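Below: run31.txt (compact mmCIF, C-alpha atoms)
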```
# COMPACT_ATOMS: atom_id res chain seq x y z
CA MET A 1 25.35 -2.79 -8.62
CA SER A 2 28.97 -3.18 -9.87
CA PHE A 3 30.55 -0.54 -12.07
CA LYS A 4 31.08 -3.11 -14.87
CA MET A 5 27.35 -3.84 -14.89
CA LEU A 6 26.62 -0.11 -14.94
CA ASP A 7 28.92 0.38 -17.90
CA GLY A 8 27.12 -2.38 -19.81
CA LEU A 9 23.74 -0.86 -19.07
CA LEU A 10 24.89 2.58 -20.18
CA GLN A 11 26.20 1.23 -23.45
CA ARG A 12 22.92 -0.62 -24.18
CA GLY A 13 20.79 2.53 -23.77
CA ARG A 14 17.07 1.73 -24.12
CA LYS A 15 17.72 -2.03 -24.25
CA GLY A 16 19.13 -1.97 -20.70
CA PHE A 17 17.35 -1.39 -17.47
CA PHE A 18 17.74 2.39 -17.84
CA GLN A 19 15.03 3.40 -20.27
CA LEU A 20 16.93 6.57 -21.25
CA PRO A 21 19.16 7.40 -24.23
CA LEU A 22 22.88 7.24 -23.62
CA GLY A 23 23.33 10.99 -24.04
CA SER A 24 20.62 11.93 -21.53
CA SER A 25 21.65 14.67 -19.09
CA GLN A 26 20.05 12.65 -16.28
CA LEU A 27 22.75 10.01 -16.61
CA GLN A 28 25.81 12.27 -16.86
CA PRO A 29 26.36 12.81 -13.07
CA LEU A 30 26.13 9.05 -12.49
CA TYR A 31 28.48 8.33 -15.38
CA LEU A 32 31.05 10.86 -14.11
CA LEU A 33 30.92 9.27 -10.66
CA TRP A 34 31.56 5.86 -12.22
CA CYS A 35 34.55 7.20 -14.17
CA GLN A 36 36.10 8.64 -10.98
CA LYS A 37 35.61 5.36 -9.08
CA SER A 38 36.97 3.25 -11.95
CA THR A 39 40.13 5.38 -12.18
CA SER A 40 40.61 5.20 -8.42
CA VAL A 41 40.20 1.40 -8.34
CA ALA A 42 42.54 0.91 -11.31
CA GLN A 43 45.23 3.06 -9.63
CA GLN A 44 44.86 1.12 -6.37
CA ASP A 45 45.14 -2.23 -8.19
CA SER A 46 48.25 -1.01 -9.98
CA ALA A 47 49.84 0.11 -6.72
CA ASP A 48 49.05 -3.17 -5.00
CA SER A 49 50.37 -5.32 -7.86
CA SER A 50 53.62 -3.37 -8.10
CA SER A 51 54.51 -4.27 -4.52
CA VAL A 52 54.36 -8.04 -5.17
CA PRO A 53 57.23 -9.63 -7.14
CA GLU A 54 56.22 -11.44 -10.30
CA ASN A 55 55.88 -15.25 -9.97
CA PHE A 56 56.23 -14.92 -6.20
CA SER A 57 55.58 -18.05 -4.13
CA GLU A 58 56.51 -18.72 -0.54
CA PRO A 59 59.14 -21.49 -0.32
CA LYS A 60 58.03 -24.65 1.47
CA PRO A 61 60.11 -25.92 4.39
CA SER A 62 61.95 -29.22 4.06
CA ILE A 63 59.75 -32.15 5.07
CA ASP A 64 62.44 -33.21 7.56
CA ASP A 65 62.16 -29.83 9.32
CA LEU A 66 58.51 -30.53 10.13
CA TYR A 67 59.30 -33.45 12.46
CA SER A 68 61.53 -34.29 15.40
CA SER A 69 64.41 -36.73 15.02
CA GLU A 70 62.36 -39.47 16.77
CA GLN A 71 59.43 -38.89 14.43
CA LYS A 72 61.64 -38.97 11.34
CA SER A 73 63.21 -42.21 12.52
CA ALA A 74 59.79 -43.83 13.01
CA VAL A 75 58.54 -42.79 9.56
CA LEU A 76 61.75 -43.88 7.82
CA GLN A 77 61.62 -47.27 9.51
CA GLN A 78 58.09 -47.82 8.23
CA LEU A 79 58.97 -46.66 4.69
CA ASN A 80 62.11 -48.80 4.54
CA MET A 81 60.84 -52.01 6.17
CA ALA A 82 57.15 -52.27 5.18
CA THR A 83 55.93 -54.62 2.45
CA VAL A 84 53.56 -53.56 -0.32
CA GLU A 85 50.61 -54.92 1.68
CA GLU A 86 51.67 -53.02 4.82
CA LEU A 87 52.18 -49.80 2.87
CA SER A 88 48.74 -50.22 1.30
CA ALA A 89 47.23 -50.00 4.78
CA VAL A 90 47.97 -46.28 4.50
CA LYS A 91 45.08 -44.93 2.43
CA LEU A 92 47.26 -42.46 0.48
CA LEU A 93 49.66 -45.28 -0.46
CA ARG A 94 47.11 -47.62 -1.98
CA GLY A 95 47.49 -48.73 -5.56
CA ARG A 96 50.45 -47.54 -7.58
CA LYS A 97 52.01 -45.34 -4.88
CA SER A 98 52.93 -48.27 -2.60
CA ILE A 99 54.51 -50.08 -5.56
CA ASN A 100 56.46 -46.94 -6.46
CA VAL A 101 57.85 -46.76 -2.90
CA ILE A 102 59.11 -50.36 -3.16
CA GLU A 103 60.60 -49.76 -6.61
CA TYR A 104 62.34 -46.60 -5.38
CA ARG A 105 63.86 -48.56 -2.46
CA ASN A 106 65.07 -51.30 -4.76
CA LYS A 107 66.67 -48.82 -7.13
CA HIS A 108 68.10 -46.21 -4.72
CA GLY A 109 68.39 -48.10 -1.45
CA PRO A 110 66.66 -47.23 1.83
CA PHE A 111 65.25 -43.72 2.31
CA GLN A 112 67.83 -41.58 4.09
CA ASP A 113 65.52 -38.63 4.75
CA LEU A 114 61.86 -37.70 4.33
CA GLN A 115 62.55 -35.11 1.65
CA SER A 116 63.61 -37.92 -0.71
CA LEU A 117 59.95 -39.00 -0.83
CA LEU A 118 59.52 -36.26 -3.43
CA GLY A 119 61.67 -38.35 -5.75
CA VAL A 120 59.10 -41.14 -5.78
CA PRO A 121 56.73 -40.98 -8.79
CA LEU A 122 53.24 -39.65 -7.98
CA PHE A 123 54.45 -38.02 -4.75
CA GLN A 124 54.02 -34.30 -4.23
CA TYR A 125 54.85 -32.22 -1.17
CA LYS A 126 51.37 -32.25 0.32
CA THR A 127 50.93 -36.00 -0.26
CA ALA A 128 54.29 -36.81 1.36
CA VAL A 129 53.43 -34.77 4.47
CA LYS A 130 50.02 -36.47 4.80
CA VAL A 131 51.65 -39.92 4.51
CA CYS A 132 54.12 -39.06 7.26
CA ASP A 133 51.35 -37.72 9.48
CA PHE A 134 49.29 -40.88 9.06
CA ILE A 135 52.22 -43.17 9.85
CA LEU A 136 52.89 -41.19 13.04
CA ASN A 137 49.28 -40.88 14.15
CA PRO A 138 46.88 -43.39 12.54
CA VAL A 139 44.44 -42.98 15.47
CA ALA A 140 43.79 -39.34 14.55
CA LYS A 141 43.05 -40.51 11.02
CA GLU A 142 40.49 -42.98 12.35
CA GLU A 143 38.86 -40.25 14.43
CA ARG A 144 38.56 -38.05 11.34
CA LYS A 145 37.04 -40.98 9.45
CA GLU A 146 34.46 -41.45 12.20
CA ARG A 147 33.53 -37.77 12.05
CA LYS A 148 33.27 -38.00 8.25
CA THR A 149 31.02 -41.07 8.51
CA SER A 150 28.87 -39.22 11.02
CA SER A 151 28.45 -36.27 8.64
CA ILE A 152 27.64 -38.67 5.80
CA MET A 153 24.86 -40.27 7.81
CA LYS A 154 22.83 -37.05 7.76
CA TYR A 155 22.02 -37.93 4.13
CA ILE A 156 20.69 -41.36 5.18
CA LYS A 157 17.44 -41.67 7.13
CA PRO A 158 17.02 -43.36 9.48
CA GLU A 159 20.63 -43.71 10.59
CA ILE A 160 22.18 -47.16 10.57
CA GLU A 161 24.76 -48.48 13.01
CA SER A 162 28.32 -49.19 11.86
CA GLU A 163 28.12 -52.78 13.05
CA LYS A 164 25.07 -53.42 10.91
CA LEU A 165 26.84 -51.96 7.88
CA LYS A 166 29.57 -54.57 8.26
CA SER A 167 27.04 -57.41 8.03
CA ILE A 168 25.27 -56.17 4.89
CA ASN A 169 25.78 -58.47 1.90
CA SER A 170 23.30 -57.01 -0.60
CA ILE A 171 20.95 -54.07 -1.08
CA VAL A 172 18.15 -53.15 -3.45
CA SER A 173 18.42 -49.55 -4.61
CA ILE A 174 15.11 -48.06 -5.77
CA VAL A 175 14.56 -44.86 -7.77
CA PHE A 176 11.19 -43.61 -9.02
CA GLY A 177 10.00 -40.84 -11.31
CA THR A 178 6.75 -39.73 -12.87
CA ARG A 179 6.43 -42.76 -15.18
CA LYS A 180 8.80 -45.49 -13.93
CA ILE A 181 10.15 -47.29 -10.89
CA ALA A 182 13.62 -48.84 -11.26
CA TRP A 183 15.70 -51.01 -8.96
CA ALA A 184 19.20 -52.47 -8.79
CA HIS A 185 20.06 -55.50 -6.64
CA VAL A 186 23.79 -55.21 -5.87
CA ASN A 187 26.06 -57.08 -3.44
CA ARG A 188 28.95 -55.68 -1.41
CA HIS A 189 31.43 -56.64 -4.17
CA LEU A 190 29.50 -54.33 -6.52
CA THR A 191 28.20 -57.26 -8.56
CA ILE A 192 24.82 -56.76 -10.20
CA HIS A 193 22.28 -59.52 -9.51
CA ASP A 194 19.18 -57.79 -10.84
CA TRP A 195 18.67 -54.45 -12.62
CA GLU A 196 15.20 -53.66 -13.94
CA GLN A 197 12.51 -51.04 -14.28
CA GLN A 198 8.74 -51.05 -14.59
CA GLU A 199 6.53 -48.63 -16.46
CA CYS A 200 3.78 -47.10 -14.32
CA MET A 201 1.53 -45.53 -16.92
CA MET A 202 -1.24 -44.59 -14.49
CA PHE A 203 0.98 -42.34 -12.36
CA MET A 204 -0.12 -38.70 -12.15
CA LYS A 205 -3.35 -39.41 -13.99
CA GLY A 206 -6.41 -37.62 -12.69
CA THR A 207 -6.64 -37.02 -8.95
CA TYR A 208 -3.91 -39.26 -7.52
CA THR A 209 -6.35 -42.09 -6.88
CA PRO A 210 -4.98 -44.15 -3.94
CA SER A 211 -6.15 -47.47 -5.40
CA VAL A 212 -4.23 -46.78 -8.64
CA TYR A 213 -1.02 -46.00 -6.77
CA LEU A 214 -1.46 -49.02 -4.53
CA GLU A 215 -1.92 -51.33 -7.52
CA GLU A 216 1.08 -49.95 -9.44
CA ILE A 217 3.46 -49.95 -6.48
CA SER A 218 2.32 -53.34 -5.15
CA SER A 219 3.12 -54.79 -8.57
CA VAL A 220 6.68 -53.45 -8.31
CA VAL A 221 7.21 -54.63 -4.74
CA SER A 222 6.12 -58.15 -5.72
CA ARG A 223 9.05 -58.26 -8.17
CA LEU A 224 11.74 -57.05 -5.76
CA PRO A 225 14.30 -59.63 -4.62
CA GLU A 226 15.19 -60.35 -1.00
CA ALA A 227 18.04 -58.19 0.35
CA ASP A 228 19.51 -56.94 3.62
CA LEU A 229 18.48 -53.34 2.97
CA TYR A 230 16.21 -51.41 0.61
CA VAL A 231 17.40 -47.92 -0.23
CA LEU A 232 14.89 -45.39 -1.59
CA GLU A 233 15.93 -42.21 -3.36
CA LYS A 234 14.99 -39.06 -1.42
CA ASN A 235 14.34 -36.31 -3.95
CA GLY A 236 15.24 -32.80 -2.89
CA LEU A 237 12.26 -31.00 -4.44
CA SER A 238 10.78 -28.48 -2.03
CA ALA A 239 7.10 -28.72 -1.16
CA LEU A 240 7.06 -24.91 -1.12
CA ASN A 241 7.70 -24.71 -4.87
CA VAL A 242 4.19 -24.10 -6.21
CA ASN A 243 5.08 -24.92 -9.83
CA LEU A 244 6.49 -28.32 -8.90
CA PHE A 245 3.92 -29.17 -6.23
CA PRO A 246 2.12 -31.84 -8.33
CA VAL A 247 5.41 -33.65 -8.98
CA THR A 248 6.51 -33.27 -5.36
CA LEU A 249 3.19 -34.66 -4.12
CA HIS A 250 3.52 -37.62 -6.49
CA LEU A 251 7.10 -38.43 -5.41
CA ARG A 252 6.24 -38.18 -1.71
CA THR A 253 3.23 -40.46 -2.24
CA VAL A 254 5.31 -43.09 -4.07
CA GLU A 255 8.06 -42.94 -1.45
CA ALA A 256 5.59 -43.40 1.42
CA MET A 257 3.83 -46.32 -0.26
CA LEU A 258 7.11 -48.05 -1.17
CA TYR A 259 8.35 -47.59 2.38
CA ALA A 260 5.22 -49.12 3.89
CA LEU A 261 4.83 -51.99 1.43
CA ILE A 262 8.52 -53.00 1.44
CA HIS A 263 8.65 -52.92 5.23
CA LYS A 264 5.53 -55.06 5.46
CA THR A 265 6.80 -57.54 2.86
CA PHE A 266 10.45 -57.97 3.83
CA ALA A 267 10.90 -56.90 7.47
CA HIS A 268 11.21 -59.86 9.83
CA GLU A 269 10.99 -59.80 13.62
CA GLY A 270 10.80 -56.01 13.73
CA GLN A 271 14.02 -55.47 11.74
CA HIS A 272 14.26 -52.09 10.02
CA LYS A 273 15.19 -52.66 6.38
CA VAL A 274 14.13 -49.51 4.48
CA LEU A 275 16.29 -46.38 4.21
CA SER A 276 16.06 -43.10 2.30
CA MET A 277 19.17 -41.68 0.63
CA ALA A 278 19.36 -38.06 -0.54
CA ARG A 279 19.59 -37.70 -4.32
CA ILE A 280 21.99 -34.76 -4.00
CA PHE A 281 24.42 -36.92 -2.01
CA VAL A 282 24.74 -39.43 -4.87
CA GLY A 283 25.19 -36.55 -7.31
CA LYS A 284 28.08 -35.13 -5.27
CA HIS A 285 29.76 -38.54 -5.03
CA PHE A 286 29.84 -38.90 -8.81
CA GLU A 287 30.46 -35.18 -9.47
CA LEU A 288 27.15 -34.83 -11.32
CA MET A 289 26.17 -31.60 -9.60
CA VAL A 290 26.01 -28.25 -11.40
CA GLY A 291 25.24 -25.76 -8.67
CA GLU A 292 22.23 -27.16 -6.83
CA SER A 293 21.06 -29.22 -9.83
CA ARG A 294 22.05 -32.77 -10.70
CA THR A 295 22.85 -33.71 -14.28
CA SER A 296 22.12 -37.01 -16.03
CA GLY A 297 24.08 -40.11 -15.04
CA ILE A 298 23.40 -42.08 -18.22
CA ASP A 299 26.84 -41.45 -19.76
CA LEU A 300 28.52 -42.50 -16.52
CA VAL A 301 26.58 -45.77 -16.45
CA LYS A 302 27.52 -46.41 -20.10
CA GLN A 303 31.15 -45.98 -19.09
CA LEU A 304 30.73 -48.46 -16.22
CA LEU A 305 29.24 -50.97 -18.65
CA LEU A 306 32.16 -50.55 -21.03
CA GLU A 307 34.73 -50.93 -18.24
CA SER A 308 33.07 -54.15 -17.09
CA VAL A 309 34.28 -55.88 -20.27
CA THR A 310 37.51 -53.95 -20.92
CA HIS A 311 39.04 -53.78 -17.42
CA ALA A 312 40.43 -56.67 -15.41
CA LYS A 313 39.05 -55.12 -12.19
CA PRO A 314 36.06 -52.98 -13.16
CA ARG A 315 34.35 -50.65 -10.74
CA VAL A 316 31.04 -52.52 -11.19
CA ASN A 317 30.56 -56.15 -12.23
CA PHE A 318 27.69 -56.72 -14.64
CA PRO A 319 26.50 -60.18 -15.75
CA ARG A 320 28.48 -60.87 -18.93
CA ASP A 321 25.46 -62.26 -20.74
CA ARG A 322 23.48 -59.06 -20.08
CA VAL A 323 26.04 -56.35 -20.88
CA VAL A 324 25.11 -56.06 -24.55
CA SER A 325 21.39 -55.90 -23.82
CA TYR A 326 21.99 -53.20 -21.20
CA GLN A 327 24.11 -51.22 -23.66
CA ASN A 328 21.42 -51.50 -26.34
CA LEU A 329 18.76 -50.42 -23.87
CA LEU A 330 20.62 -47.25 -22.95
CA SER A 331 21.61 -46.48 -26.53
CA SER A 332 18.19 -46.82 -28.12
CA ASN A 333 16.35 -43.70 -29.25
CA LYS A 334 13.25 -43.34 -27.11
CA PRO A 335 11.09 -40.37 -26.14
CA TRP A 336 11.71 -41.21 -22.47
CA ARG A 337 15.31 -41.69 -21.30
CA ASP A 338 16.07 -44.39 -18.76
CA GLU A 339 17.17 -41.96 -16.05
CA GLU A 340 15.55 -43.91 -13.21
CA LEU A 341 17.26 -47.15 -14.27
CA CYS A 342 20.68 -45.50 -14.32
CA ASP A 343 20.09 -43.60 -11.09
CA SER A 344 19.11 -46.79 -9.24
CA LEU A 345 22.50 -48.29 -10.12
CA LEU A 346 24.46 -45.17 -9.23
CA GLN A 347 22.69 -44.94 -5.89
CA ALA A 348 23.66 -48.53 -5.06
CA VAL A 349 27.31 -47.95 -6.03
CA ALA A 350 27.45 -44.73 -3.99
CA PHE A 351 25.92 -46.48 -0.97
CA TYR A 352 28.62 -49.14 -0.98
CA GLU A 353 31.58 -46.93 -1.86
CA ILE A 354 30.75 -44.25 0.70
CA LEU A 355 29.27 -46.16 3.60
CA ILE A 356 30.39 -49.77 3.52
CA LEU A 357 33.78 -49.83 1.77
CA ASN A 358 34.99 -46.72 3.62
CA ASN A 359 33.70 -48.12 6.89
CA ASN A 360 35.81 -51.25 6.48
CA THR A 361 39.08 -49.43 5.65
```
Could you spell out this file's structure in structure tokens?
Amino acid sequence: MSFKMLDGLLQRGRKGFFQLPLGSSQLQPLYLLWCQKSTSVAQQDSADSSSVPENFSEPKPSIDDLYSSEQKSAVLQQLNMATVEELSAVKLLRGRKSINVIEYRNKHGPFQDLQSLLGVPLFQYKTAVKVCDFILNPVAKEERKERKTSSIMKYIKPEIESEKLKSINSIVSIVFGTRKIAWAHVNRHLTIHDWEQQECMMFMKGTYTPSVYLEEISSVVSRLPEADLYVLEKNGLSALNVNLFPVTLHLRTVEAMLYALIHKTFAHEGQHKVLSMARIFVGKHFELMVGESRTSGIDLVKQLLLESVTHAKPRVNFPRDRVVSYQNLLSSNKPWRDEELCDSLLQAVAFYEILILNNNT
């Protein structure tokens, strides 16, 4: 127990964990010990802080000092001769940074040293060093990307080969809860072809009757469009959690039935077309995680809908004639929020952005 916690407990008296009055003689030896330790720690902290100058920071070496003359010459040649398109091949120079490099060259002339990169808008020390490293050794960057892709694949089961990822043109992302099954049919350009949900009112009624589940899920599968892959959400609920066991059993049952029925309906010549994608992985991609829990993605989807009509190059392309109806659907006051519908879309976007778009760059 920390001394701060002890102090709080002592001050609360009977309301704390110590069911004794503050003035009890039984607490005095413990309180005196805490006072001695607190004084000792405070003195030590004071002594340590006095030895460090205020606002101290270790100076960074010049960027030019990090490389040999041959390396500097190679980087400068690339920075001074490359076009915007060639600069954009460097991941850290995509977008505005590559344009800023060209504008800096036009205004100030060719780069004379690497340190002058810090004069380019949006460039900081760490970014400039990473750009130089990539220009000198793009192969190492590719190796790191392969290792990253490998670590990503642990969230996708079963694993899928890189070559197959390159040939994927569309996926159907499927998310299910206790009352609904939702799906989003999205192509590799992040254009929405179909985005729907179906109420399953008989879920979790009675004793998980197999015929009821089969009827509800078969009805959904009959409405799914043809796609190259079908991605099911893999919920992270533990089967060991007794309180959530009914929900966990339901979700595992739905996942298994969807897997079997989709494979039977859409797999041709033994092709494997059904994957499971961890829910937590999508949450991390969109920064929706709070500790080990994932927060709602409805507000994020509303933002994507708004950007589809206000941005020239939106992150996701929705059918223009459906945007208003989608916005009304998510804005309406209902006892049950459309979490599954939103999560199916976010899962599709995460799949493309993490696996396919990164794999092609």
Which residues of segment 153-248 of chain A sit at most 12 Å from segment 329-341 of chain A, using all atoms listed in the file? Give each one's shortest atom pair and distance in Å (one decimal place), in chain and ascending residue order, as CSV.
```
residue,atom,partner,partner_atom,distance
A:Ser173,CA,A:Leu341,CA,10.0
A:Ile174,CA,A:Glu340,CA,8.5
A:Val175,CA,A:Glu340,CA,5.6
A:Phe176,CA,A:Glu340,CA,6.1
A:Gly177,CA,A:Glu340,CA,6.6
A:Thr178,CA,A:Glu340,CA,9.7
A:Arg179,CA,A:Trp336,CA,9.1
A:Lys180,CA,A:Glu340,CA,7.0
A:Ile181,CA,A:Glu340,CA,6.8
A:Ala182,CA,A:Leu341,CA,5.0
A:Trp183,CA,A:Leu341,CA,6.7
A:Ala184,CA,A:Leu341,CA,7.9
A:His185,CA,A:Leu341,CA,11.7
A:Asp194,CA,A:Leu341,CA,11.3
A:Trp195,CA,A:Leu341,CA,7.6
A:Glu196,CA,A:Leu341,CA,6.8
A:Gln197,CA,A:Leu341,CA,6.1
A:Gln198,CA,A:Leu341,CA,9.4
A:Glu199,CA,A:Glu340,CA,10.7
A:Leu232,CA,A:Glu340,CA,11.7
A:Glu233,CA,A:Glu340,CA,10.0
```
Across A:Gly270, A:Gly283, A:Pro225, A:Pro319, the smallest distance to Val172 of chain A, with all atoms listed in the file counted, is shown by A:Pro225
One decimal, Å: what's the distance from atom CA of Ala348 of chain A over to atom CA of Val186 of chain A, could you say?
->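 Straight-line distance from atom CA of Ala348 of chain A to atom CA of Val186 of chain A works out to 6.7 Å.
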Can you tell me, as a list in words, what residues are no more than 9 Å from Val316 of chain A when counting all atoms listed in the file, ignoring any on the same chain fewer than 2 positions away?
-> His189, Leu190, Thr191, Ile192, Leu304, Leu305, Glu307, Ser308, Lys313, Pro314, Phe318 and Val349 of chain A
Write a file of the just-selected residues containing C-alpha atoms, as a compact mmCIF listing (two decimals), in the frame of the given file.
```txt
# COMPACT_ATOMS: atom_id res chain seq x y z
CA HIS A 189 31.43 -56.64 -4.17
CA LEU A 190 29.50 -54.33 -6.52
CA THR A 191 28.20 -57.26 -8.56
CA ILE A 192 24.82 -56.76 -10.20
CA LEU A 304 30.73 -48.46 -16.22
CA LEU A 305 29.24 -50.97 -18.65
CA GLU A 307 34.73 -50.93 -18.24
CA SER A 308 33.07 -54.15 -17.09
CA LYS A 313 39.05 -55.12 -12.19
CA PRO A 314 36.06 -52.98 -13.16
CA PHE A 318 27.69 -56.72 -14.64
CA VAL A 349 27.31 -47.95 -6.03
```
Counting all atoms listed in the file, closest pick from A:Ala74, A:Cys132, A:Ile168, A:Ile160 relative to Asp228 of chain A is A:Ile168
Do a neighbour search on segment 80-82 of chain A at 12 Å with all atoms listed in the file, toss out local chain neighbours closer than 6 positions, and write the hits as a ChimeraX atom specification.
-> /A:72-74,88-90,93,98-99,101-106,108-114,117,135
Interatomic distance (Å, one decimal) between atom CA of Arg96 of chain A and atom CA of Val75 of chain A | 19.5 Å
Take the point (13.3, -59.4, 1.8) in the file's coordinates, draw a sphere of radius 7 Å around it, and report as a list in words every protein, DNA or RNA residue with an atom inside or on it, counting all atoms listed in the file.
-> Pro225, Glu226, Ala227, Asp228, Thr265, Phe266 and Ala267 of chain A
Quick one: distance from atom CA of Asn235 of chain A to atom CA of Arg279 of chain A in Å, one decimal?
->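 Computed distance, atom CA of Asn235 of chain A to atom CA of Arg279 of chain A, equals 5.4 Å.
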Mind giving me the axis-aligned box for segment 258-272 of chain A with 5 Å on every side, centre plus edges in Å to one decimal, as JSON?
```
{"center_x": 9.5, "center_y": -53.7, "center_z": 6.3, "size_x": 19.4, "size_y": 22.3, "size_z": 24.9}
```
